[in-house]
>>> print(open('upload16.txt').read())   # compact mmCIF, C-alpha atoms
# COMPACT_ATOMS: atom_id res chain seq x y z
CA MET A 1 12.37 40.43 83.58
CA LEU A 2 11.88 40.48 79.82
CA LYS A 3 8.43 39.87 78.41
CA VAL A 4 7.97 37.23 75.72
CA GLN A 5 7.00 39.20 72.63
CA ASP A 6 7.11 36.42 70.02
CA GLU A 7 7.85 38.71 67.07
CA HIS A 8 8.33 37.45 63.51
CA TYR A 9 10.21 39.43 60.87
CA ARG A 10 11.80 38.47 57.52
CA GLY A 11 11.51 34.77 58.23
CA LEU A 12 13.08 34.96 61.71
CA HIS A 13 11.31 34.44 65.04
CA TYR A 14 12.37 36.63 67.96
CA PRO A 15 10.95 35.15 71.20
CA TRP A 16 11.82 38.34 73.16
CA GLY A 17 11.15 40.74 70.30
CA ARG A 18 13.55 42.33 67.84
CA LYS A 19 14.65 45.27 70.02
CA GLN A 20 13.97 44.38 73.65
CA SER A 21 17.02 43.82 75.85
CA PRO A 22 17.90 43.24 79.51
CA GLU A 23 19.01 46.10 81.73
CA PRO A 24 22.71 46.12 82.62
CA THR A 25 23.45 44.17 85.82
CA GLN A 26 20.13 42.31 85.47
CA PRO A 27 20.93 38.95 83.83
CA VAL A 28 17.97 37.28 82.11
CA GLU A 29 17.63 33.50 81.82
CA VAL A 30 17.03 32.53 78.16
CA ALA A 31 17.40 28.75 78.66
CA GLU A 32 18.00 26.56 81.67
CA GLY A 33 21.31 27.69 83.15
CA VAL A 34 22.03 30.23 80.35
CA TRP A 35 21.82 33.92 81.25
CA TRP A 36 21.88 36.97 78.98
CA VAL A 37 23.77 40.15 79.94
CA ARG A 38 24.03 43.24 77.75
CA LEU A 39 27.01 45.61 78.06
CA PRO A 40 27.36 49.11 76.53
CA LEU A 41 29.68 50.00 73.64
CA PRO A 42 30.70 53.61 72.84
CA MET A 43 29.90 53.38 69.13
CA SER A 44 26.98 53.22 66.70
CA LEU A 45 26.59 49.51 67.51
CA ASP A 46 26.01 50.42 71.14
CA HIS A 47 25.95 47.06 72.89
CA ILE A 48 27.32 43.55 73.08
CA ASN A 49 25.55 40.49 74.47
CA VAL A 50 27.61 38.29 76.79
CA TRP A 51 26.51 35.03 78.36
CA LEU A 52 26.74 33.41 81.78
CA LEU A 53 26.57 29.60 81.93
CA GLU A 54 25.80 27.91 85.24
CA ASP A 55 28.09 25.07 86.24
CA GLU A 56 28.02 22.72 89.20
CA THR A 57 30.61 24.68 91.18
CA GLY A 58 30.56 28.12 89.57
CA TRP A 59 30.09 29.96 86.30
CA THR A 60 31.45 30.18 82.77
CA VAL A 61 31.60 33.62 81.11
CA VAL A 62 31.29 33.76 77.31
CA ASP A 63 32.69 37.07 75.94
CA THR A 64 33.40 40.07 78.15
CA GLY A 65 32.83 43.51 76.63
CA LEU A 66 35.37 46.31 76.21
CA ALA A 67 37.96 47.23 78.80
CA SER A 68 35.96 50.27 79.92
CA THR A 69 35.03 51.65 83.32
CA ALA A 70 31.33 51.19 82.50
CA SER A 71 31.77 47.49 81.71
CA ARG A 72 33.96 46.87 84.77
CA ASP A 73 31.35 48.48 87.01
CA ILE A 74 28.58 46.31 85.56
CA TRP A 75 30.65 43.14 85.97
CA ASN A 76 31.45 44.04 89.57
CA GLU A 77 27.74 44.44 90.33
CA ILE A 78 26.99 41.10 88.66
CA PHE A 79 29.75 39.36 90.63
CA LYS A 80 28.44 40.84 93.89
CA ASP A 81 24.66 40.80 93.50
CA PHE A 82 23.93 38.02 91.01
CA LEU A 83 26.73 35.49 91.43
CA LYS A 84 26.89 36.20 95.18
CA GLY A 85 30.53 35.24 95.48
CA GLN A 86 30.36 32.07 93.39
CA PRO A 87 33.56 31.63 91.39
CA ILE A 88 34.13 32.19 87.68
CA LEU A 89 35.59 28.88 86.50
CA ARG A 90 36.61 29.94 82.99
CA VAL A 91 36.29 32.75 80.46
CA ILE A 92 35.52 31.68 76.88
CA CYS A 93 36.06 34.26 74.14
CA THR A 94 34.49 33.62 70.75
CA HIS A 95 37.14 35.73 69.02
CA MET A 96 39.75 38.42 69.44
CA HIS A 97 37.85 41.64 68.72
CA PRO A 98 38.02 44.11 71.64
CA ASP A 99 34.29 44.07 72.44
CA HIS A 100 34.54 40.30 72.95
CA ILE A 101 37.89 39.96 74.68
CA GLY A 102 38.43 43.39 76.23
CA LEU A 103 37.98 42.34 79.88
CA ALA A 104 39.04 38.69 79.58
CA GLY A 105 42.41 39.26 81.22
CA TRP A 106 40.86 41.34 84.01
CA ILE A 107 38.20 38.71 84.82
CA CYS A 108 40.77 35.90 84.70
CA GLU A 109 43.01 37.80 87.10
CA GLN A 110 40.16 38.75 89.44
CA HIS A 111 38.86 35.17 89.66
CA ASP A 112 42.09 33.20 89.15
CA CYS A 113 40.61 31.29 86.19
CA GLU A 114 41.68 30.31 82.69
CA LEU A 115 41.03 31.95 79.35
CA TRP A 116 39.68 29.54 76.71
CA MET A 117 39.85 30.45 73.01
CA THR A 118 41.18 29.20 69.69
CA ARG A 119 44.88 29.47 68.92
CA GLU A 120 44.66 31.82 65.94
CA GLU A 121 42.44 34.24 67.83
CA PHE A 122 44.76 34.25 70.87
CA LEU A 123 47.91 34.81 68.80
CA MET A 124 46.33 37.43 66.52
CA CYS A 125 45.15 39.33 69.59
CA GLN A 126 48.68 39.28 70.98
CA LEU A 127 50.00 40.60 67.64
CA MET A 128 47.45 43.40 67.44
CA THR A 129 48.02 44.54 71.03
CA SER A 130 51.79 44.64 70.37
CA TYR A 131 51.20 47.60 68.02
CA THR A 132 49.85 49.79 70.86
CA GLY A 133 51.57 53.17 70.89
CA LYS A 134 53.64 52.48 67.78
CA ASP A 135 53.72 54.45 64.53
CA ALA A 136 51.84 53.16 61.51
CA PRO A 137 54.15 50.92 59.44
CA THR A 138 55.23 51.69 55.89
CA GLU A 139 53.40 48.56 54.70
CA GLY A 140 50.13 49.86 56.10
CA LEU A 141 50.52 53.24 54.43
CA LYS A 142 51.35 51.54 51.13
CA PHE A 143 48.30 49.28 51.50
CA TYR A 144 45.85 52.15 51.95
CA ARG A 145 47.54 54.33 49.35
CA SER A 146 47.10 51.50 46.85
CA ALA A 147 43.36 51.50 47.68
CA GLY A 148 43.11 55.17 46.71
CA PHE A 149 43.48 57.00 50.04
CA ASP A 150 44.43 60.67 49.77
CA ASP A 151 46.81 62.37 52.21
CA PRO A 152 44.14 63.36 54.80
CA SER A 153 42.81 59.78 54.81
CA LEU A 154 46.31 58.42 55.35
CA GLU A 155 46.76 60.83 58.26
CA GLY A 156 43.54 59.46 59.74
CA TYR A 157 44.95 55.93 59.49
CA LYS A 158 48.15 57.05 61.24
CA LYS A 159 46.14 58.53 64.12
CA ARG A 160 44.00 55.39 64.55
CA PHE A 161 46.88 52.93 64.30
CA GLY A 162 47.73 51.18 67.55
CA SER A 163 44.36 51.87 69.20
CA PHE A 164 43.35 48.18 69.31
CA GLY A 165 45.29 47.42 72.49
CA LYS A 166 43.86 50.43 74.31
CA MET A 167 40.48 48.69 74.42
CA ILE A 168 41.84 45.46 75.92
CA ALA A 169 42.99 44.76 79.48
CA PRO A 170 46.36 42.98 79.74
CA MET A 171 45.97 39.46 78.43
CA PRO A 172 46.97 36.30 80.30
CA HIS A 173 50.30 34.82 79.24
CA ARG A 174 48.70 31.39 78.87
CA TYR A 175 45.39 30.06 77.65
CA ARG A 176 43.49 26.83 77.11
CA ARG A 177 43.12 26.14 73.40
CA LEU A 178 39.68 25.49 71.85
CA VAL A 179 39.64 23.18 68.82
CA ASP A 180 36.97 22.79 66.15
CA LEU A 181 34.38 20.09 67.00
CA GLU A 182 35.83 19.37 70.45
CA THR A 183 33.33 18.92 73.26
CA MET A 184 33.21 20.10 76.85
CA THR A 185 30.82 19.71 79.75
CA ILE A 186 29.28 22.81 81.34
CA GLY A 187 26.42 22.53 83.80
CA GLY A 188 26.23 18.78 83.23
CA ARG A 189 25.54 19.34 79.52
CA TYR A 190 27.52 18.58 76.40
CA TRP A 191 28.71 21.65 74.46
CA GLN A 192 30.53 21.54 71.14
CA VAL A 193 32.92 24.08 69.62
CA ILE A 194 32.18 24.96 66.00
CA VAL A 195 34.77 27.16 64.28
CA GLY A 196 34.16 29.60 61.46
CA SER A 197 36.44 31.99 59.61
CA GLY A 198 36.28 35.21 57.61
CA HIS A 199 35.08 37.77 60.14
CA SER A 200 38.04 36.74 62.29
CA PRO A 201 40.68 34.04 61.84
CA GLU A 202 39.27 31.17 63.97
CA HIS A 203 35.96 32.24 65.49
CA ALA A 204 34.44 29.79 68.00
CA CYS A 205 30.69 29.22 68.33
CA LEU A 206 29.26 27.05 71.14
CA TYR A 207 26.48 24.56 70.42
CA CYS A 208 24.47 22.73 73.09
CA PRO A 209 22.28 19.95 71.57
CA ALA A 210 20.40 19.32 74.82
CA LEU A 211 19.25 22.94 74.99
CA LYS A 212 18.99 23.28 71.17
CA LEU A 213 20.98 26.47 71.51
CA LEU A 214 23.89 28.15 69.66
CA ILE A 215 26.04 30.93 71.11
CA SER A 216 27.03 32.40 67.77
CA GLY A 217 29.27 35.36 68.64
CA ASP A 218 29.60 37.44 65.48
CA GLN A 219 29.44 34.44 63.16
CA VAL A 220 25.64 34.78 62.85
CA LEU A 221 23.80 38.04 63.60
CA PRO A 222 20.09 38.53 62.91
CA ARG A 223 19.88 41.91 61.19
CA ILE A 224 23.39 43.00 60.26
CA THR A 225 26.12 41.23 58.33
CA PRO A 226 29.44 41.08 60.20
CA ASN A 227 32.34 42.90 58.61
CA VAL A 228 34.56 40.66 56.48
CA SER A 229 37.71 42.56 55.62
CA VAL A 230 41.17 42.42 54.10
CA PHE A 231 43.82 44.10 56.26
CA PRO A 232 47.39 45.38 55.65
CA THR A 233 48.84 42.34 57.46
CA GLU A 234 47.53 40.03 54.70
CA PRO A 235 46.79 42.15 51.61
CA GLU A 236 46.23 39.18 49.29
CA GLY A 237 43.97 37.33 51.74
CA ASN A 238 40.62 35.90 50.70
CA PRO A 239 38.47 36.12 53.86
CA LEU A 240 35.17 36.32 51.99
CA GLU A 241 35.76 32.88 50.46
CA GLU A 242 36.45 31.58 53.98
CA TRP A 243 33.31 33.32 55.27
CA LEU A 244 31.07 31.81 52.58
CA ASP A 245 32.53 28.35 53.14
CA SER A 246 32.04 28.68 56.92
CA THR A 247 28.46 29.88 56.49
CA ALA A 248 27.59 26.94 54.24
CA ARG A 249 29.27 24.57 56.71
CA LEU A 250 27.09 25.84 59.57
CA ILE A 251 24.04 25.03 57.48
CA SER A 252 25.30 21.51 56.90
CA ILE A 253 26.15 20.60 60.50
CA LEU A 254 23.65 22.52 62.66
CA PRO A 255 19.88 21.94 62.92
CA HIS A 256 17.59 24.67 61.62
CA ASP A 257 15.55 25.04 64.83
CA VAL A 258 18.20 26.07 67.38
CA LEU A 259 17.82 29.21 69.46
CA VAL A 260 20.62 31.51 68.27
CA LEU A 261 22.24 33.73 70.91
CA PRO A 262 24.11 36.41 68.92
CA ALA A 263 26.70 38.86 70.18
CA HIS A 264 24.61 41.81 68.98
CA GLN A 265 20.88 42.48 68.70
CA THR A 266 18.47 39.84 70.10
CA PRO A 267 18.12 36.02 70.25
CA PHE A 268 16.23 34.41 67.40
CA TYR A 269 15.09 31.23 65.68
CA GLY A 270 15.66 30.65 61.97
CA LEU A 271 19.36 29.81 61.71
CA HIS A 272 19.30 28.35 58.19
CA ILE A 273 17.13 31.18 56.88
CA ARG A 274 19.54 33.77 58.26
CA LEU A 275 22.62 31.98 56.95
CA ASN A 276 21.09 31.84 53.47
CA GLN A 277 20.30 35.55 53.71
CA ILE A 278 23.95 36.22 54.53
CA ILE A 279 25.14 34.17 51.56
CA ASP A 280 22.65 35.91 49.29
CA SER A 281 23.79 39.36 50.44
CA HIS A 282 27.37 38.59 49.48
CA ARG A 283 26.28 37.04 46.20
CA ILE A 284 24.51 40.29 45.38
CA GLY A 285 27.57 42.31 46.42
CA LEU A 286 29.93 40.25 44.28
CA GLN A 287 27.65 40.59 41.26
CA ALA A 288 27.29 44.34 41.83
CA ILE A 289 31.06 44.93 41.99
CA TYR A 290 31.68 42.71 38.99
CA GLU A 291 29.18 44.72 36.92
CA TYR A 292 30.59 47.98 38.29
CA LEU A 293 34.04 47.15 36.94
CA LYS A 294 33.22 47.45 33.25
CA GLU A 295 35.51 50.44 33.56
CA SER A 296 38.73 50.44 35.61
CA LYS A 297 38.28 51.62 39.23
CA ARG A 298 40.14 51.93 42.51
CA VAL A 299 38.97 50.30 45.74
CA ILE A 300 37.42 53.51 47.06
CA ASP A 301 35.59 54.01 43.74
CA CYS A 302 33.74 50.71 44.32
CA PHE A 303 31.97 51.80 47.50
CA PRO A 304 28.67 52.69 45.74
CA ALA A 305 28.40 49.11 44.45
CA LEU A 306 28.35 47.72 48.03
CA PHE A 307 27.09 50.45 50.35
CA LYS A 308 23.85 52.41 50.24
CA ARG A 309 25.16 55.31 52.32
CA THR A 310 28.03 57.72 51.83
CA ILE A 311 31.26 56.50 53.41
CA GLY A 312 32.77 59.13 55.68
CA PRO A 313 36.13 59.14 57.48
CA GLU A 314 34.79 57.15 60.45
CA LEU A 315 33.84 54.18 58.23
CA LEU A 316 36.57 54.49 55.59
CA GLY A 317 38.81 51.73 56.97
CA LEU A 318 35.99 49.20 57.42
CA ALA A 319 34.52 49.97 54.00
CA THR A 320 37.93 49.61 52.35
CA GLY A 321 38.56 46.24 53.99
CA GLU A 322 35.10 44.92 53.10
CA THR A 323 35.37 46.10 49.48
CA LEU A 324 38.80 44.52 49.15
CA ALA A 325 37.40 41.23 50.45
CA HIS A 326 34.95 41.18 47.54
CA LEU A 327 37.60 42.27 45.03
CA ASN A 328 40.12 39.67 46.23
CA LEU A 329 37.56 36.88 45.91
CA LEU A 330 36.81 37.94 42.32
CA LEU A 331 40.56 38.11 41.66
CA HIS A 332 41.10 34.60 43.06
CA ARG A 333 38.36 33.30 40.75
CA GLY A 334 39.76 35.08 37.71
CA ASN A 335 36.71 37.28 37.20
CA ILE A 336 38.62 40.57 37.35
CA SER A 337 42.18 41.81 36.90
CA LYS A 338 44.34 44.22 38.90
CA THR A 339 47.03 46.62 37.69
CA SER A 340 49.10 49.24 39.53
CA ASP A 341 49.89 52.72 38.24
CA GLN A 342 53.12 54.67 38.74
CA SER A 343 51.81 56.08 42.03
CA GLY A 344 51.26 52.59 43.46
CA VAL A 345 47.47 52.80 43.21
CA ASN A 346 45.67 49.59 42.24
CA TRP A 347 43.02 49.57 39.51
CA TYR A 348 40.49 46.77 39.02
CA LEU A 349 38.74 45.81 35.79
CA GLN A 350 36.21 43.18 34.78
CA ASN A 351 37.84 40.36 32.82
CA PRO A 352 35.83 40.10 29.58
CA ASP A 353 37.20 36.61 28.90
CA ALA A 354 36.05 35.14 32.23
CA ARG A 355 32.43 34.31 32.91
CA PHE A 356 31.27 35.58 36.27
CA ILE A 357 30.93 32.64 38.68
CA ASP A 358 28.05 33.28 41.06
CA THR A 359 28.49 32.06 44.64
CA ASP A 360 25.66 29.56 44.31
CA GLU A 361 27.86 27.67 41.85
CA HIS A 362 30.64 27.50 44.43
CA VAL A 363 28.99 27.29 47.87
CA PRO A 364 26.36 24.66 48.65
CA VAL A 365 23.27 26.37 50.05
CA ALA A 366 20.70 24.38 52.01
CA THR A 367 17.10 25.54 52.33
>>> encode(input="upload16.txt", output="structure tokens")
Amino acid sequence: MLKVQDEHYRGLHYPWGRKQSPEPTQPVEVAEGVWWVRLPLPMSLDHINVWLLEDETGWTVVDTGLASTASRDIWNEIFKDFLKGQPILRVICTHMHPDHIGLAGWICEQHDCELWMTREEFLMCQLMTSYTGKDAPTEGLKFYRSAGFDDPSLEGYKKRFGSFGKMIAPMPHRYRRLVDLETMTIGGRYWQVIVGSGHSPEHACLYCPALKLLISGDQVLPRITPNVSVFPTEPEGNPLEEWLDSTARLISILPHDVLVLPAHQTPFYGLHIRLNQIIDSHRIGLQAIYEYLKESKRVIDCFPALFKRTIGPELLGLATGETLAHLNLLLHRGNISKTSDQSGVNWYLQNPDARFIDTDEHVPVAT
């Protein structure tokens, strides 16, 4: 059992502390009928929080962990020792990233239940898994070459391409669609779906007014800012604009005093404070890149404006996507310009005729 630590840090209140977590296979009740399980991840962000919701005749699983032997073993122990044979009624996935949906198909098959998620997340997951085992496309190589990748970096992209599906068990061929603002009943309580965008196409959060609780997935995390990236499939996309709009919308429709259950790190209070911190961090990043582009630069040249540490090969793809998200937003607003050289490399430059538009002039921010 976790001890209540009641820690406060940077305006947020962590009722179980900032770093304490449950042991695998030992679910912890964080609200009536809501249980916290932590699963391992084989990366620097070494865990994901998943949630078990009690229902009258069984259980709802929210997010699943990667399709790994370690996660399967933990789930099997939970099914045997904690659920004691009670059925899984449904699996809800907040979005399509492998740490959230990796074992959804396996659990649905094991328990003969439905997968619930939004349409864009389901279809994008199907698209990404279809690349498994295939060679990197010409469009992808062109995309990263235009960002400034050298030949070794492009080879790294070729090796990583198609790995998405290797982290996901075979998906069901049907699903039950979640829609923004729809409601459902779980455990005799009203839950509402609240959709955000930017980190993923149609990310679903779950809000329970009776419990004053939000299962936020990756849409709100307490100490890290989720990656918001541009990818080769949509090179002119503007996900950071969508992210800022979604963040402001959460402020406008959710109360400030809900208990936030994030997919990573620990539960906390202080939703509006954290959302404003996220908006501020991107405002600072946009301003930094804008100022950095007084001279023409490639995408990879802009890393020092956004990141405090050196970007090595393992983070190159994420850093490129995140930097492009900031550059594309500035392009959409007319703050910077883009030109391509004879090698197909893009160069970005501050537009001296356009006043920089700070995000607080575009996104309403509540306090």
>>> atom_distance(input="upload16.txt", atom1="CA of Pro40 (chain A)", atom2="CA of Gly65 (chain A)")
7.8 Å
>>> closest_residue(input="upload16.txt", among="A:Leu293, A:Cys108, A:Ala325, A:Leu318", to="Gly237 (chain A)", atoms="only C-alpha atoms")
A:Ala325
>>> closest_atom_pairs(input="upload16.txt", of="region 17-84 of chain A", to="region 184-207 of chain A", cutoff="7 Å", atoms="only C-alpha atoms", output="CSV")
residue,atom,partner,partner_atom,distance
A:Glu54,CA,A:Gly187,CA,5.6
A:Asp55,CA,A:Gly187,CA,3.9
A:Glu56,CA,A:Gly187,CA,5.6
>>> residues_around(input="upload16.txt", residues="region 253-267 of chain A", least_positions_apart="4", cutoff="10 Å", atoms="all atoms listed in the file", output="number ranges by chain")
A: 12-21, 30-31, 36, 38, 45-51, 62-63, 94, 99-100, 194, 205-209, 211-224, 248-249, 271-274, 367
>>> closest_atom_pairs(input="upload16.txt", of="region 155-232 of chain A", to="region 68-87 of chain A", cutoff="12 Å", atoms="all atoms listed in the file", output="CSV")
residue,atom,partner,partner_atom,distance
A:Lys166,CA,A:Ser68,CA,9.7
A:Met167,CA,A:Ser68,CA,7.3
A:Ile168,CA,A:Ser68,CA,8.6
A:Ala169,CA,A:Ser68,CA,8.9
>>> residues_around(input="upload16.txt", residues="region 303-314 of chain A", least_positions_apart="3", cutoff="7 Å", atoms="all atoms listed in the file", output="JSON, numbers by chain")
{"A": [285, 288, 289, 292, 300, 323]}
>>> closest_residue(input="upload16.txt", among="A:Ser146, A:Asn227, A:Asn276, A:Ser163", to="Ser340 (chain A)", atoms="only C-alpha atoms")
A:Ser146
>>> closest_residue(input="upload16.txt", among="A:Gly156, A:Pro352, A:Phe268, A:Ser229", to="Tyr9 (chain A)", atoms="all atoms listed in the file")
A:Phe268
>>> closest_atom_pairs(input="upload16.txt", of="region 103-129 of chain A", to="region 170-182 of chain A", cutoff="6 Å", atoms="all atoms listed in the file", output="CSV")
residue,atom,partner,partner_atom,distance
A:Gly105,CA,A:Met171,CA,4.5
A:Leu115,CA,A:Tyr175,CA,5.0
A:Trp116,CA,A:Arg176,CA,4.7
A:Met117,CA,A:Leu178,CA,5.1
A:Thr118,CA,A:Leu178,CA,4.5
A:Arg119,CA,A:Arg177,CA,5.9
